[in-house]
$ cat query29.cif   # mmCIF, C-alpha atoms
data_data
#
loop_
_atom_site.label_atom_id
_atom_site.label_comp_id
_atom_site.auth_asym_id
_atom_site.auth_seq_id
_atom_site.Cartn_x
_atom_site.Cartn_y
_atom_site.Cartn_z
CA MET Q 1 -34.42 159.52 -74.97
CA LEU Q 2 -30.96 158.34 -74.06
CA HIS Q 3 -29.95 159.43 -70.59
CA GLN Q 4 -26.25 160.00 -70.39
CA MET Q 5 -24.47 159.56 -67.11
CA HIS Q 6 -22.02 162.04 -65.71
CA GLU Q 7 -19.00 160.31 -67.26
CA LEU Q 8 -19.67 162.21 -70.50
CA GLY Q 9 -18.79 165.61 -69.05
CA ILE Q 10 -15.87 164.10 -67.16
CA THR Q 11 -14.54 162.53 -70.35
CA GLU Q 12 -14.86 165.84 -72.19
CA ASN Q 13 -12.62 167.30 -69.49
CA ILE Q 14 -10.14 164.45 -69.91
CA VAL Q 15 -9.99 165.00 -73.69
CA ASN Q 16 -9.63 168.79 -73.27
CA ILE Q 17 -6.89 168.53 -70.65
CA SER Q 18 -4.94 165.93 -72.59
CA LEU Q 19 -5.12 167.90 -75.86
CA ALA Q 20 -3.99 171.07 -74.08
CA LYS Q 21 -1.07 169.30 -72.40
CA ALA Q 22 -0.10 167.54 -75.63
CA GLY Q 23 -0.18 170.92 -77.38
CA GLU Q 24 2.09 172.46 -74.75
CA ALA Q 25 4.52 169.58 -75.22
CA GLN Q 26 4.30 170.02 -79.04
CA ALA Q 27 3.35 166.37 -79.38
CA ASN Q 28 1.90 164.89 -82.57
CA LYS Q 29 0.09 162.03 -80.92
CA VAL Q 30 -1.22 160.99 -77.54
CA ILE Q 31 -0.34 157.35 -76.91
CA GLN Q 32 -1.56 156.80 -73.37
CA ILE Q 33 -3.32 158.75 -70.64
CA ASN Q 34 -2.73 157.62 -67.06
CA LEU Q 35 -5.67 158.33 -64.80
CA VAL Q 36 -5.99 157.87 -61.07
CA VAL Q 37 -9.49 156.93 -59.93
CA GLY Q 38 -10.45 156.51 -56.29
CA GLU Q 39 -12.43 153.44 -55.31
CA LEU Q 40 -15.12 155.66 -53.80
CA SER Q 41 -15.40 158.08 -56.70
CA GLY Q 42 -18.58 157.61 -58.65
CA PHE Q 43 -16.88 157.19 -62.01
CA VAL Q 44 -16.92 154.03 -64.09
CA PRO Q 45 -13.73 153.42 -66.13
CA ASP Q 46 -15.49 151.42 -68.87
CA CYS Q 47 -17.93 154.26 -69.30
CA ILE Q 48 -15.13 156.84 -69.54
CA GLN Q 49 -13.36 154.68 -72.13
CA PHE Q 50 -16.57 154.41 -74.18
CA TYR Q 51 -17.07 158.17 -74.31
CA PHE Q 52 -13.36 158.78 -74.85
CA ASP Q 53 -13.30 156.71 -78.01
CA SER Q 54 -16.02 158.82 -79.54
CA LEU Q 55 -14.96 162.24 -78.20
CA SER Q 56 -11.31 161.86 -79.23
CA LYS Q 57 -12.14 161.01 -82.85
CA ASP Q 58 -10.21 163.16 -85.36
CA THR Q 59 -7.97 164.60 -82.66
CA ILE Q 60 -4.36 163.69 -81.88
CA ALA Q 61 -5.72 161.72 -78.92
CA GLN Q 62 -7.71 159.34 -81.13
CA GLY Q 63 -6.81 155.75 -80.33
CA ALA Q 64 -4.98 156.67 -77.11
CA ALA Q 65 -5.08 154.03 -74.41
CA LEU Q 66 -6.61 155.01 -71.10
CA HIS Q 67 -4.85 153.47 -68.14
CA PHE Q 68 -6.73 153.55 -64.87
CA GLU Q 69 -4.92 153.24 -61.59
CA SER Q 70 -7.37 152.56 -58.82
CA VAL Q 71 -6.75 154.07 -55.40
CA PRO Q 72 -8.21 151.87 -52.67
CA ALA Q 73 -10.55 153.50 -50.19
CA GLN Q 74 -8.92 154.23 -46.88
CA LEU Q 75 -10.88 155.47 -43.92
CA ARG Q 76 -9.55 157.00 -40.72
CA CYS Q 77 -11.20 156.30 -37.40
CA ARG Q 78 -11.85 159.54 -35.54
CA ASP Q 79 -11.61 157.76 -32.19
CA CYS Q 80 -8.34 155.80 -32.43
CA SER Q 81 -6.86 157.16 -35.71
CA THR Q 82 -6.56 153.69 -37.25
CA ILE Q 83 -6.50 153.81 -41.04
CA PHE Q 84 -8.34 150.91 -42.62
CA HIS Q 85 -9.91 149.62 -45.82
CA PRO Q 86 -13.70 149.44 -45.44
CA GLN Q 87 -15.26 146.02 -45.82
CA ASP Q 88 -18.10 146.41 -48.28
CA THR Q 89 -20.43 149.08 -46.92
CA LEU Q 90 -19.58 148.48 -43.29
CA TRP Q 91 -17.68 151.57 -42.27
CA SER Q 92 -16.66 150.74 -38.72
CA CYS Q 93 -13.14 150.63 -37.32
CA PRO Q 94 -11.74 147.08 -37.16
CA LYS Q 95 -9.63 148.02 -34.13
CA CYS Q 96 -12.00 149.82 -31.76
CA GLY Q 97 -15.36 149.28 -33.47
CA GLY Q 98 -15.85 153.06 -33.72
CA GLN Q 99 -18.26 154.25 -36.37
CA SER Q 100 -17.00 157.78 -36.60
CA VAL Q 101 -14.81 157.77 -39.69
CA GLU Q 102 -13.51 160.13 -42.31
CA ILE Q 103 -12.35 159.41 -45.83
CA PHE Q 104 -8.57 159.39 -46.11
CA THR Q 105 -8.21 158.27 -49.74
CA GLY Q 106 -10.54 156.99 -52.43
CA ARG Q 107 -12.30 160.02 -53.92
CA GLU Q 108 -9.57 160.94 -56.42
CA LEU Q 109 -10.11 161.54 -60.11
CA TYR Q 110 -7.16 163.06 -61.86
CA ILE Q 111 -4.85 162.72 -64.86
CA GLU Q 112 -1.51 161.68 -63.45
CA SER Q 113 0.58 161.68 -66.64
CA MET Q 114 0.50 161.09 -70.38
CA GLU Q 115 2.67 159.39 -72.92
CA VAL Q 116 3.01 161.28 -76.18
CA GLU Q 117 5.16 161.31 -79.28
CA MET M 118 7.76 158.50 -76.90
CA LYS M 119 7.94 160.75 -73.89
CA LYS M 120 6.07 160.99 -70.66
CA ILE M 121 4.56 164.25 -69.42
CA GLU M 122 3.51 164.86 -65.85
CA VAL M 123 0.00 166.26 -65.68
CA ILE M 124 -1.53 165.91 -62.17
CA GLN M 125 -4.74 167.70 -62.99
CA ASN M 126 -8.09 167.13 -61.32
CA VAL M 127 -10.64 166.13 -63.92
CA LEU M 128 -13.42 167.78 -61.90
CA GLU M 129 -11.61 171.11 -62.00
CA ALA M 130 -13.85 172.53 -64.74
CA ASN M 131 -16.93 172.03 -62.54
CA GLU M 132 -15.11 173.42 -59.49
CA THR M 133 -14.10 176.58 -61.38
CA ILE M 134 -17.69 177.33 -62.39
CA ALA M 135 -18.92 176.46 -58.87
CA SER M 136 -16.60 179.02 -57.33
CA ARG M 137 -17.76 181.59 -59.90
CA ASN M 138 -21.38 180.85 -58.88
CA ARG M 139 -20.43 181.25 -55.24
CA GLN M 140 -18.83 184.64 -55.90
CA LEU M 141 -21.89 185.84 -57.82
CA LEU M 142 -24.20 184.70 -54.99
CA ASP M 143 -22.00 186.34 -52.36
CA ARG M 144 -21.83 189.61 -54.27
CA ASN M 145 -25.62 189.69 -54.34
CA LYS M 146 -26.00 188.53 -50.73
CA VAL M 147 -27.93 185.45 -51.78
CA CYS M 148 -27.71 182.21 -49.78
CA ALA M 149 -28.08 178.97 -51.80
CA ILE M 150 -29.07 175.59 -50.35
CA ASN M 151 -28.62 172.42 -52.40
CA ILE M 152 -31.33 169.88 -51.52
CA MET M 153 -30.56 166.28 -52.40
CA SER M 154 -32.41 162.98 -51.92
CA SER M 155 -33.66 159.93 -53.76
CA PRO M 156 -36.79 160.44 -55.92
CA GLY M 157 -39.92 160.84 -53.82
CA ALA M 158 -38.27 161.60 -50.47
CA GLY M 159 -39.96 164.99 -50.28
CA LYS M 160 -37.69 167.65 -51.79
CA THR M 161 -40.54 169.56 -53.43
CA SER M 162 -42.79 169.21 -50.36
CA LEU M 163 -40.03 170.57 -48.15
CA ILE M 164 -39.52 173.52 -50.50
CA LEU M 165 -43.27 174.25 -50.48
CA GLN M 166 -43.43 174.09 -46.68
CA THR M 167 -40.35 176.27 -46.31
CA MET M 168 -41.74 178.92 -48.64
CA ALA M 169 -45.10 178.91 -46.89
CA LYS M 170 -43.50 179.25 -43.45
CA LEU M 171 -40.99 181.93 -44.40
CA LYS M 172 -43.37 183.97 -46.51
CA GLY M 173 -42.94 187.68 -45.81
CA ARG M 174 -39.61 187.09 -44.04
CA LEU M 175 -37.41 185.97 -46.95
CA ASN M 176 -37.57 186.36 -50.70
CA ILE M 177 -37.10 182.80 -51.90
CA ALA M 178 -36.31 181.60 -55.41
CA VAL M 179 -36.22 177.99 -56.56
CA ILE M 180 -34.11 176.11 -59.08
CA GLU M 181 -35.76 172.82 -60.03
CA GLY M 182 -33.61 170.05 -61.45
CA ASP M 183 -35.43 167.16 -63.07
CA VAL M 184 -34.68 164.78 -65.88
CA ALA M 185 -37.89 165.92 -67.58
CA SER M 186 -41.14 167.85 -67.03
CA THR M 187 -42.07 171.13 -65.34
CA VAL M 188 -44.31 169.45 -62.73
CA ASP M 189 -42.25 170.64 -59.77
CA ALA M 190 -41.75 174.16 -61.13
CA GLU M 191 -45.52 174.51 -61.54
CA LYS M 192 -46.07 173.41 -57.93
CA VAL M 193 -43.73 176.03 -56.48
CA GLN M 194 -44.49 178.82 -58.96
CA SER M 195 -47.16 180.68 -57.00
CA GLU M 196 -45.05 181.10 -53.85
CA ALA M 197 -41.57 181.64 -55.27
CA LYS M 198 -39.99 184.95 -56.17
CA ALA M 199 -38.52 183.26 -59.26
CA VAL M 200 -38.42 179.69 -60.54
CA VAL M 201 -36.05 178.21 -63.08
CA GLN M 202 -36.68 174.65 -64.24
CA ILE M 203 -33.64 172.78 -65.51
CA ASN M 204 -34.43 169.65 -67.50
CA THR M 205 -31.30 167.60 -67.43
CA ARG M 206 -32.35 165.32 -70.27
CA ASN M 207 -31.41 168.15 -72.61
CA MET M 208 -27.98 168.36 -70.99
CA PRO M 209 -24.85 166.33 -71.55
CA GLU M 210 -25.68 164.67 -68.23
CA SER M 211 -29.02 163.81 -66.71
CA CYS M 212 -28.20 162.30 -63.35
CA SER M 213 -27.28 165.41 -61.37
CA LEU M 214 -27.26 169.18 -61.48
CA MET M 215 -23.85 170.61 -62.28
CA ALA M 216 -22.27 174.00 -61.69
CA ALA M 217 -22.70 175.12 -65.33
CA MET M 218 -26.46 174.50 -65.17
CA ILE M 219 -26.71 176.66 -62.05
CA GLU M 220 -24.61 179.35 -63.70
CA SER M 221 -27.08 179.66 -66.54
CA ALA M 222 -30.10 179.49 -64.19
CA LEU M 223 -28.67 182.37 -62.11
CA LYS M 224 -28.63 184.54 -65.23
CA ASP M 225 -32.44 184.35 -65.30
CA MET M 226 -32.91 185.36 -61.68
CA PRO M 227 -33.40 188.82 -60.15
CA LEU M 228 -30.57 188.24 -57.67
CA ASP M 229 -30.73 191.68 -56.05
CA ASN M 230 -34.29 190.87 -55.02
CA ILE M 231 -33.62 187.39 -53.55
CA ASP M 232 -32.37 186.29 -50.11
CA LEU M 233 -32.40 182.54 -50.56
CA ILE M 234 -32.28 180.08 -53.46
CA LEU M 235 -33.50 176.56 -52.77
CA ILE M 236 -31.93 174.24 -55.34
CA GLU M 237 -33.81 170.99 -55.84
CA ASN M 238 -31.28 168.56 -57.24
CA VAL M 239 -32.16 165.55 -59.43
CA GLY M 240 -33.55 162.70 -57.31
CA ASN M 241 -30.46 160.54 -56.91
CA LEU M 242 -28.24 159.62 -53.95
CA ILE M 243 -25.09 158.93 -55.96
CA CYS M 244 -24.16 161.43 -58.67
CA PRO M 245 -25.02 164.74 -56.92
CA SER M 246 -22.40 164.00 -54.26
CA GLU M 247 -19.66 164.47 -56.89
CA PHE M 248 -20.66 167.92 -58.12
CA ASN M 249 -20.22 171.15 -56.22
CA LEU M 250 -22.71 173.77 -57.46
CA GLY M 251 -21.31 176.75 -55.54
CA GLU M 252 -24.01 176.41 -52.87
CA HIS M 253 -23.53 177.56 -49.28
CA LYS M 254 -25.21 174.60 -47.60
CA ARG M 255 -25.96 171.02 -48.56
CA VAL M 256 -29.04 169.23 -47.25
CA VAL M 257 -29.91 165.55 -47.69
CA ILE M 258 -33.43 164.20 -47.13
CA SER M 259 -34.04 160.55 -46.23
CA SER M 260 -37.64 159.47 -45.77
CA LEU M 261 -39.00 156.72 -43.55
CA PRO M 262 -40.38 154.45 -46.32
CA GLU M 263 -36.85 154.25 -47.82
CA GLY M 264 -35.47 152.46 -44.75
CA ASP M 265 -32.79 153.44 -42.25
CA ASP M 266 -29.86 151.98 -44.21
CA LYS M 267 -29.35 154.82 -46.71
CA PRO M 268 -26.33 156.38 -44.94
CA THR M 269 -24.67 152.95 -44.94
CA LYS M 270 -25.40 152.34 -48.61
CA TYR M 271 -24.71 155.85 -49.90
CA PRO M 272 -22.23 157.35 -47.41
CA LEU M 273 -20.73 159.93 -49.78
CA ILE M 274 -23.84 162.05 -50.08
CA PHE M 275 -24.24 162.19 -46.29
CA ILE M 276 -20.60 162.83 -45.46
CA ASN M 277 -20.59 166.46 -46.63
CA ALA M 278 -24.16 167.41 -45.71
CA ASP M 279 -24.71 170.35 -43.39
CA ALA M 280 -28.15 169.06 -42.47
CA VAL M 281 -29.89 165.69 -42.77
CA ILE M 282 -33.67 165.56 -42.73
CA ILE M 283 -35.59 162.43 -41.80
CA ASN M 284 -38.85 163.14 -43.61
CA LYS M 285 -42.29 161.51 -43.45
CA MET M 286 -42.08 161.03 -39.67
CA ASP M 287 -45.86 160.46 -39.78
CA PHE M 288 -45.05 157.01 -41.27
CA LEU M 289 -43.26 155.89 -38.11
CA PRO M 290 -46.06 153.63 -36.82
CA HIS M 291 -46.21 151.83 -40.19
CA VAL M 292 -42.57 151.15 -41.03
CA ASP M 293 -39.56 149.47 -39.42
CA PHE M 294 -37.27 152.47 -39.44
CA ASP M 295 -34.80 152.57 -36.56
CA ILE M 296 -34.34 156.30 -35.89
CA ALA M 297 -31.55 155.68 -33.34
CA ALA M 298 -29.61 153.49 -35.81
CA PHE M 299 -30.00 156.12 -38.54
CA ARG M 300 -28.78 158.85 -36.20
CA ARG M 301 -25.79 156.68 -35.20
CA SER M 302 -24.82 156.21 -38.87
CA ILE M 303 -25.00 159.96 -39.49
CA ALA M 304 -23.06 160.74 -36.30
CA GLY M 305 -20.32 158.39 -37.46
CA LEU M 306 -20.05 159.74 -41.00
CA ASN M 307 -20.67 163.38 -40.26
CA PRO M 308 -20.89 164.36 -36.59
CA LYS M 309 -21.46 168.06 -37.42
CA ALA M 310 -24.63 167.52 -39.44
CA GLU M 311 -27.81 168.96 -37.98
CA ILE M 312 -30.54 166.30 -37.95
CA PHE M 313 -34.26 167.01 -38.25
CA GLU M 314 -37.08 164.53 -37.66
CA LEU M 315 -39.68 166.17 -39.82
CA SER M 316 -42.96 165.63 -41.58
CA CYS M 317 -44.05 167.86 -44.45
CA LYS M 318 -47.51 166.36 -43.99
CA THR M 319 -48.07 167.13 -40.30
CA GLY M 320 -45.65 170.04 -40.00
CA GLU M 321 -43.52 168.30 -37.35
CA GLU M 322 -40.16 170.12 -36.93
CA ILE M 323 -40.87 172.41 -39.90
CA GLU M 324 -40.54 175.30 -37.46
CA ARG M 325 -37.07 174.22 -36.28
CA TRP M 326 -35.98 173.54 -39.87
CA CYS M 327 -37.08 177.02 -40.94
CA SER M 328 -35.18 178.56 -38.01
CA TRP M 329 -32.09 176.68 -39.19
CA VAL M 330 -32.63 178.05 -42.72
CA LEU M 331 -32.99 181.59 -41.36
CA GLU M 332 -29.77 181.17 -39.36
CA GLN M 333 -27.88 180.08 -42.49
CA VAL M 334 -29.17 183.04 -44.48
CA LYS M 335 -28.16 185.43 -41.67
CA ALA M 336 -24.78 183.75 -41.10
CA ASP M 337 -23.97 183.99 -44.79
CA ALA M 338 -25.08 187.60 -44.94
CA THR M 339 -22.79 188.61 -42.04
CA LYS M 340 -19.83 186.72 -43.49
CA ARG M 341 -20.10 188.57 -46.77
#
$ encode --input "query29.cif" --output "structure tokens"
Amino acid sequence: MLHQMHELGITENIVNISLAKAGEAQANKVIQINLVVGELSGFVPDCIQFYFDSLSKDTIAQGAALHFESVPAQLRCRDCSTIFHPQDTLWSCPKCGGQSVEIFTGRELYIESMEVE
Amino acid sequence: MKKIEVIQNVLEANETIASRNRQLLDRNKVCAINIMSSPGAGKTSLILQTMAKLKGRLNIAVIEGDVASTVDAEKVQSEAKAVVQINTRNMPESCSLMAAMIESALKDMPLDNIDLILIENVGNLICPSEFNLGEHKRVVISSLPEGDDKPTKYPLIFINADAVIINKMDFLPHVDFDIAAFRRSIAGLNPKAEIFELSCKTGEEIERWCSWVLEQVKADATKR
């Protein structure tokens, strides 16, 4: 039994959204889909690309390039408000050493834009 | 060639179904708790203990998420008002429960006769943190044999938890688990989380955990 990871459902959404938007724009072909993926989101671009190639077959999105823009993780220290990039899994503030942090950016997963013709 | 602006969250489909689940639960005055942990941390044991303790006070139903088998559903069957087993290997995804799976499970449940649904997610500390099910509360279990570094390694699942349970406290003499360090990590990531030091084996803190559960059910009922 092949166990699929959650990128399959995500990629179905990407295909559905891009076909709907291309339809609205009366496009004949989707050339490129620009995705924004946060560093902390649990989604693997290579895996999305793999599923996309098979799910987009025989649609106007077949052969479209997926472009992934990665958003670096940024954390905010709750004590001194410093915004910083976490080093590996160590989530403490480089300025005050505080360990109380919240995620500022890095959990995104959205389609930013598409190129169609 | 032309460029179209899209700006659309790819997780929106799951979010839409999750909010539909939430509305259905609220209409029926049912509280749902999503229980997440790595495999073997004690999700099923906690559900069994909770049902035993709250017997006669709450009507509890269980949704079991597993890649395969009905082992867990069989264990909880005798005590639960209703049990639905979801086998994720038959689903597009197998690593986590998703809102659509809960939506179909809710169709098989006598909601007007249930106060609380305990949802046992697939044993996994990564994927379930990405998928809202429409639950009211999120609980993460970490057990002593796993080590005290789980919040550091898998922060995302802990960051949105309403309660964190340190299970298998009876192992404390046998393992190097630094409770204070674990509590510090949780306090940093998620200062509002309620923390329980519990043992399903000895019953330690089961009472306080069940009071917390009762409070959530009552709080949700008054909000609705």
$ interface_residues --input "query29.cif" --of "chain M" --to "chain Q" --cutoff "6 Å" --atoms "all atoms listed in the file" --output "PDB file with C-alpha atoms, keeping the file's coordinate frame"
ATOM      1  CA  MET M 118       7.760 158.500 -76.900  1.00  0.00           C
ATOM      2  CA  LYS M 119       7.940 160.750 -73.890  1.00  0.00           C
ATOM      3  CA  LYS M 120       6.070 160.990 -70.660  1.00  0.00           C
ATOM      4  CA  ILE M 121       4.560 164.250 -69.420  1.00  0.00           C
ATOM      5  CA  GLU M 122       3.510 164.860 -65.850  1.00  0.00           C
ATOM      6  CA  VAL M 123       0.000 166.260 -65.680  1.00  0.00           C
ATOM      7  CA  ILE M 124      -1.530 165.910 -62.170  1.00  0.00           C
ATOM      8  CA  GLN M 125      -4.740 167.700 -62.990  1.00  0.00           C
ATOM      9  CA  ASN M 126      -8.090 167.130 -61.320  1.00  0.00           C
ATOM     10  CA  VAL M 127     -10.640 166.130 -63.920  1.00  0.00           C
ATOM     11  CA  GLU M 210     -25.680 164.670 -68.230  1.00  0.00           C
ATOM     12  CA  SER M 211     -29.020 163.810 -66.710  1.00  0.00           C
ATOM     13  CA  CYS M 212     -28.200 162.300 -63.350  1.00  0.00           C
ATOM     14  CA  GLY M 305     -20.320 158.390 -37.460  1.00  0.00           C
ATOM     15  CA  LEU M 306     -20.050 159.740 -41.000  1.00  0.00           C
TER      16      LEU M 306
END
$ residues_around --input "query29.cif" --residues "Cys327 in chain M" --least-positions-apart "5" --cutoff "10 Å" --atoms "all atoms listed in the file" --output "PDB file with C-alpha atoms, keeping the file's coordinate frame"
ATOM      1  CA  GLN M 166     -43.430 174.090 -46.680  1.00  0.00           C
ATOM      2  CA  THR M 167     -40.350 176.270 -46.310  1.00  0.00           C
ATOM      3  CA  MET M 168     -41.740 178.920 -48.640  1.00  0.00           C
ATOM      4  CA  LYS M 170     -43.500 179.250 -43.450  1.00  0.00           C
ATOM      5  CA  LEU M 171     -40.990 181.930 -44.400  1.00  0.00           C
ATOM      6  CA  GLU M 322     -40.160 170.120 -36.930  1.00  0.00           C
ATOM      7  CA  GLU M 332     -29.770 181.170 -39.360  1.00  0.00           C
ATOM      8  CA  GLN M 333     -27.880 180.080 -42.490  1.00  0.00           C
TER       9      GLN M 333
END
$ resolve_selection --input "query29.cif" --expression "the PyMOL selection byres ((chain Q and resi 82) around 10)" --output "list in words"
Gln74, Leu75, Arg76, Cys77, Arg78, Asp79, Cys80, Ser81, Ile83, Phe84, Cys93, Pro94, Lys95, Cys96, Gly98 and Val101 of chain Q
$ closest_residue --input "query29.cif" --among "M:Ala222, M:Val188, M:Ile177, M:Ile243" --to "Tyr271 in chain M" --atoms "only C-alpha atoms"
M:Ile243
$ atom_distance --input "query29.cif" --atom1 "CA of Gln202 in chain M" --atom2 "CA of Arg137 in chain M"
20.6 Å
$ atom_distance --input "query29.cif" --atom1 "CA of Ile323 in chain M" --atom2 "CA of Asn238 in chain M"
20.2 Å
$ atom_distance --input "query29.cif" --atom1 "CA of Ala178 in chain M" --atom2 "CA of Ile164 in chain M"
10.0 Å
$ closest_residue --input "query29.cif" --among "Q:Ala61, Q:Val37, Q:Leu55, Q:Ile48" --to "Ala73 in chain Q" --atoms "all atoms listed in the file"
Q:Val37
$ resolve_selection --input "query29.cif" --expression "the PyMOL selection byres ((chain M and resi 311-315) around 7)" --output "ChimeraX atom specification"
/M:279-286,309-310,316-317,321-323,326
$ resolve_selection --input "query29.cif" --expression "the PyMOL selection byres ((chain M and resi 264) around 12)" --output "PyMOL selection string"
chain M and resi 155+158+259-263+265-270+283-286+288-289+291-296+298-299
$ residues_around --input "query29.cif" --residues "Gln49 in chain Q" --least-positions-apart "4" --cutoff "8 Å" --atoms "all atoms listed in the file" --output "list of chain:residue names"
Q:Pro45, Q:Asp53, Q:Leu66
$ axis_aligned_box --input "query29.cif" --around "range 150-156 of chain M" --padding-each-side "8 Å" --output "JSON"
{"center_x": -32.7, "center_y": 167.8, "center_z": -53.1, "size_x": 24.2, "size_y": 31.7, "size_z": 21.6}
$ closest_atom_pairs --input "query29.cif" --of "range 132-151 of chain M" --to "range 179-184 of chain M" --cutoff "12 Å" --atoms "all atoms listed in the file" --output "JSON lines"
{"residue": "M:Cys148", "atom": "CA", "partner": "M:Val179", "partner_atom": "CA", "distance": 11.7}
{"residue": "M:Ala149", "atom": "CA", "partner": "M:Val179", "partner_atom": "CA", "distance": 9.5}
{"residue": "M:Ile150", "atom": "CA", "partner": "M:Val179", "partner_atom": "CA", "distance": 9.8}
{"residue": "M:Asn151", "atom": "CA", "partner": "M:Ile180", "partner_atom": "CA", "distance": 9.4}
$ closest_residue --input "query29.cif" --among "M:Arg300, M:Lys172, M:Lys146, M:Lys192" --to "Lys335 in chain M" --atoms "all atoms listed in the file"
M:Lys146
$ residues_around --input "query29.cif" --residues "Ala278 in chain M" --least-positions-apart "6" --cutoff "7 Å" --atoms "all atoms listed in the file" --output "list in words"
Arg255, Val256, Val257 and Ala310 of chain M
$ decode --input "query29.cif" --residues "range 76-91 of chain Q" --atoms "N, CA and C atoms" --output "PDB file, in the first residue's frame"
ATOM      1  N   ARG Q  76       8.959  36.420  16.528  1.00  0.00           N
ATOM      2  CA  ARG Q  76       8.963  37.658  17.306  1.00  0.00           C
ATOM      3  C   ARG Q  76       9.073  37.317  18.782  1.00  0.00           C
ATOM      4  N   CYS Q  77      10.017  37.936  19.438  1.00  0.00           N
ATOM      5  CA  CYS Q  77      10.208  37.699  20.867  1.00  0.00           C
ATOM      6  C   CYS Q  77       9.110  38.422  21.633  1.00  0.00           C
ATOM      7  N   ARG Q  78       8.427  37.699  22.511  1.00  0.00           N
ATOM      8  CA  ARG Q  78       7.333  38.330  23.264  1.00  0.00           C
ATOM      9  C   ARG Q  78       7.861  39.267  24.348  1.00  0.00           C
ATOM     10  N   ASP Q  79       9.133  39.097  24.716  1.00  0.00           N
ATOM     11  CA  ASP Q  79       9.689  39.936  25.785  1.00  0.00           C
ATOM     12  C   ASP Q  79      10.210  41.274  25.260  1.00  0.00           C
ATOM     13  N   CYS Q  80      11.011  41.249  24.174  1.00  0.00           N
ATOM     14  CA  CYS Q  80      11.625  42.499  23.718  1.00  0.00           C
ATOM     15  C   CYS Q  80      11.220  42.879  22.297  1.00  0.00           C
ATOM     16  N   SER Q  81      10.291  42.095  21.703  1.00  0.00           N
ATOM     17  CA  SER Q  81       9.734  42.391  20.378  1.00  0.00           C
ATOM     18  C   SER Q  81      10.725  42.280  19.211  1.00  0.00           C
ATOM     19  N   THR Q  82      11.927  41.786  19.475  1.00  0.00           N
ATOM     20  CA  THR Q  82      12.884  41.582  18.389  1.00  0.00           C
ATOM     21  C   THR Q  82      12.336  40.545  17.406  1.00  0.00           C
ATOM     22  N   ILE Q  83      12.492  40.847  16.115  1.00  0.00           N
ATOM     23  CA  ILE Q  83      12.098  39.868  15.097  1.00  0.00           C
ATOM     24  C   ILE Q  83      13.371  39.221  14.563  1.00  0.00           C
ATOM     25  N   PHE Q  84      13.400  37.909  14.570  1.00  0.00           N
ATOM     26  CA  PHE Q  84      14.635  37.224  14.189  1.00  0.00           C
ATOM     27  C   PHE Q  84      14.352  35.938  13.433  1.00  0.00           C
ATOM     28  N   HIS Q  85      15.393  35.473  12.709  1.00  0.00           N
ATOM     29  CA  HIS Q  85      15.312  34.213  11.988  1.00  0.00           C
ATOM     30  C   HIS Q  85      15.830  33.111  12.904  1.00  0.00           C
ATOM     31  N   PRO Q  86      15.037  32.068  13.151  1.00  0.00           N
ATOM     32  CA  PRO Q  86      15.497  31.051  14.102  1.00  0.00           C
ATOM     33  C   PRO Q  86      16.685  30.261  13.542  1.00  0.00           C
ATOM     34  N   GLN Q  87      17.629  29.990  14.404  1.00  0.00           N
ATOM     35  CA  GLN Q  87      18.764  29.164  14.018  1.00  0.00           C
ATOM     36  C   GLN Q  87      18.390  27.709  14.267  1.00  0.00           C
ATOM     37  N   ASP Q  88      18.227  26.969  13.200  1.00  0.00           N
ATOM     38  CA  ASP Q  88      17.896  25.551  13.321  1.00  0.00           C
ATOM     39  C   ASP Q  88      16.634  25.394  14.177  1.00  0.00           C
ATOM     40  N   THR Q  89      16.675  24.589  15.199  1.00  0.00           N
ATOM     41  CA  THR Q  89      15.474  24.418  16.003  1.00  0.00           C
ATOM     42  C   THR Q  89      15.553  25.197  17.306  1.00  0.00           C
ATOM     43  N   LEU Q  90      16.573  26.043  17.425  1.00  0.00           N
ATOM     44  CA  LEU Q  90      16.720  26.809  18.646  1.00  0.00           C
ATOM     45  C   LEU Q  90      15.903  28.090  18.531  1.00  0.00           C
ATOM     46  N   TRP Q  91      14.789  28.122  19.227  1.00  0.00           N
ATOM     47  CA  TRP Q  91      13.888  29.256  19.076  1.00  0.00           C
ATOM     48  C   TRP Q  91      14.022  30.245  20.228  1.00  0.00           C
TER      49      TRP Q  91
END
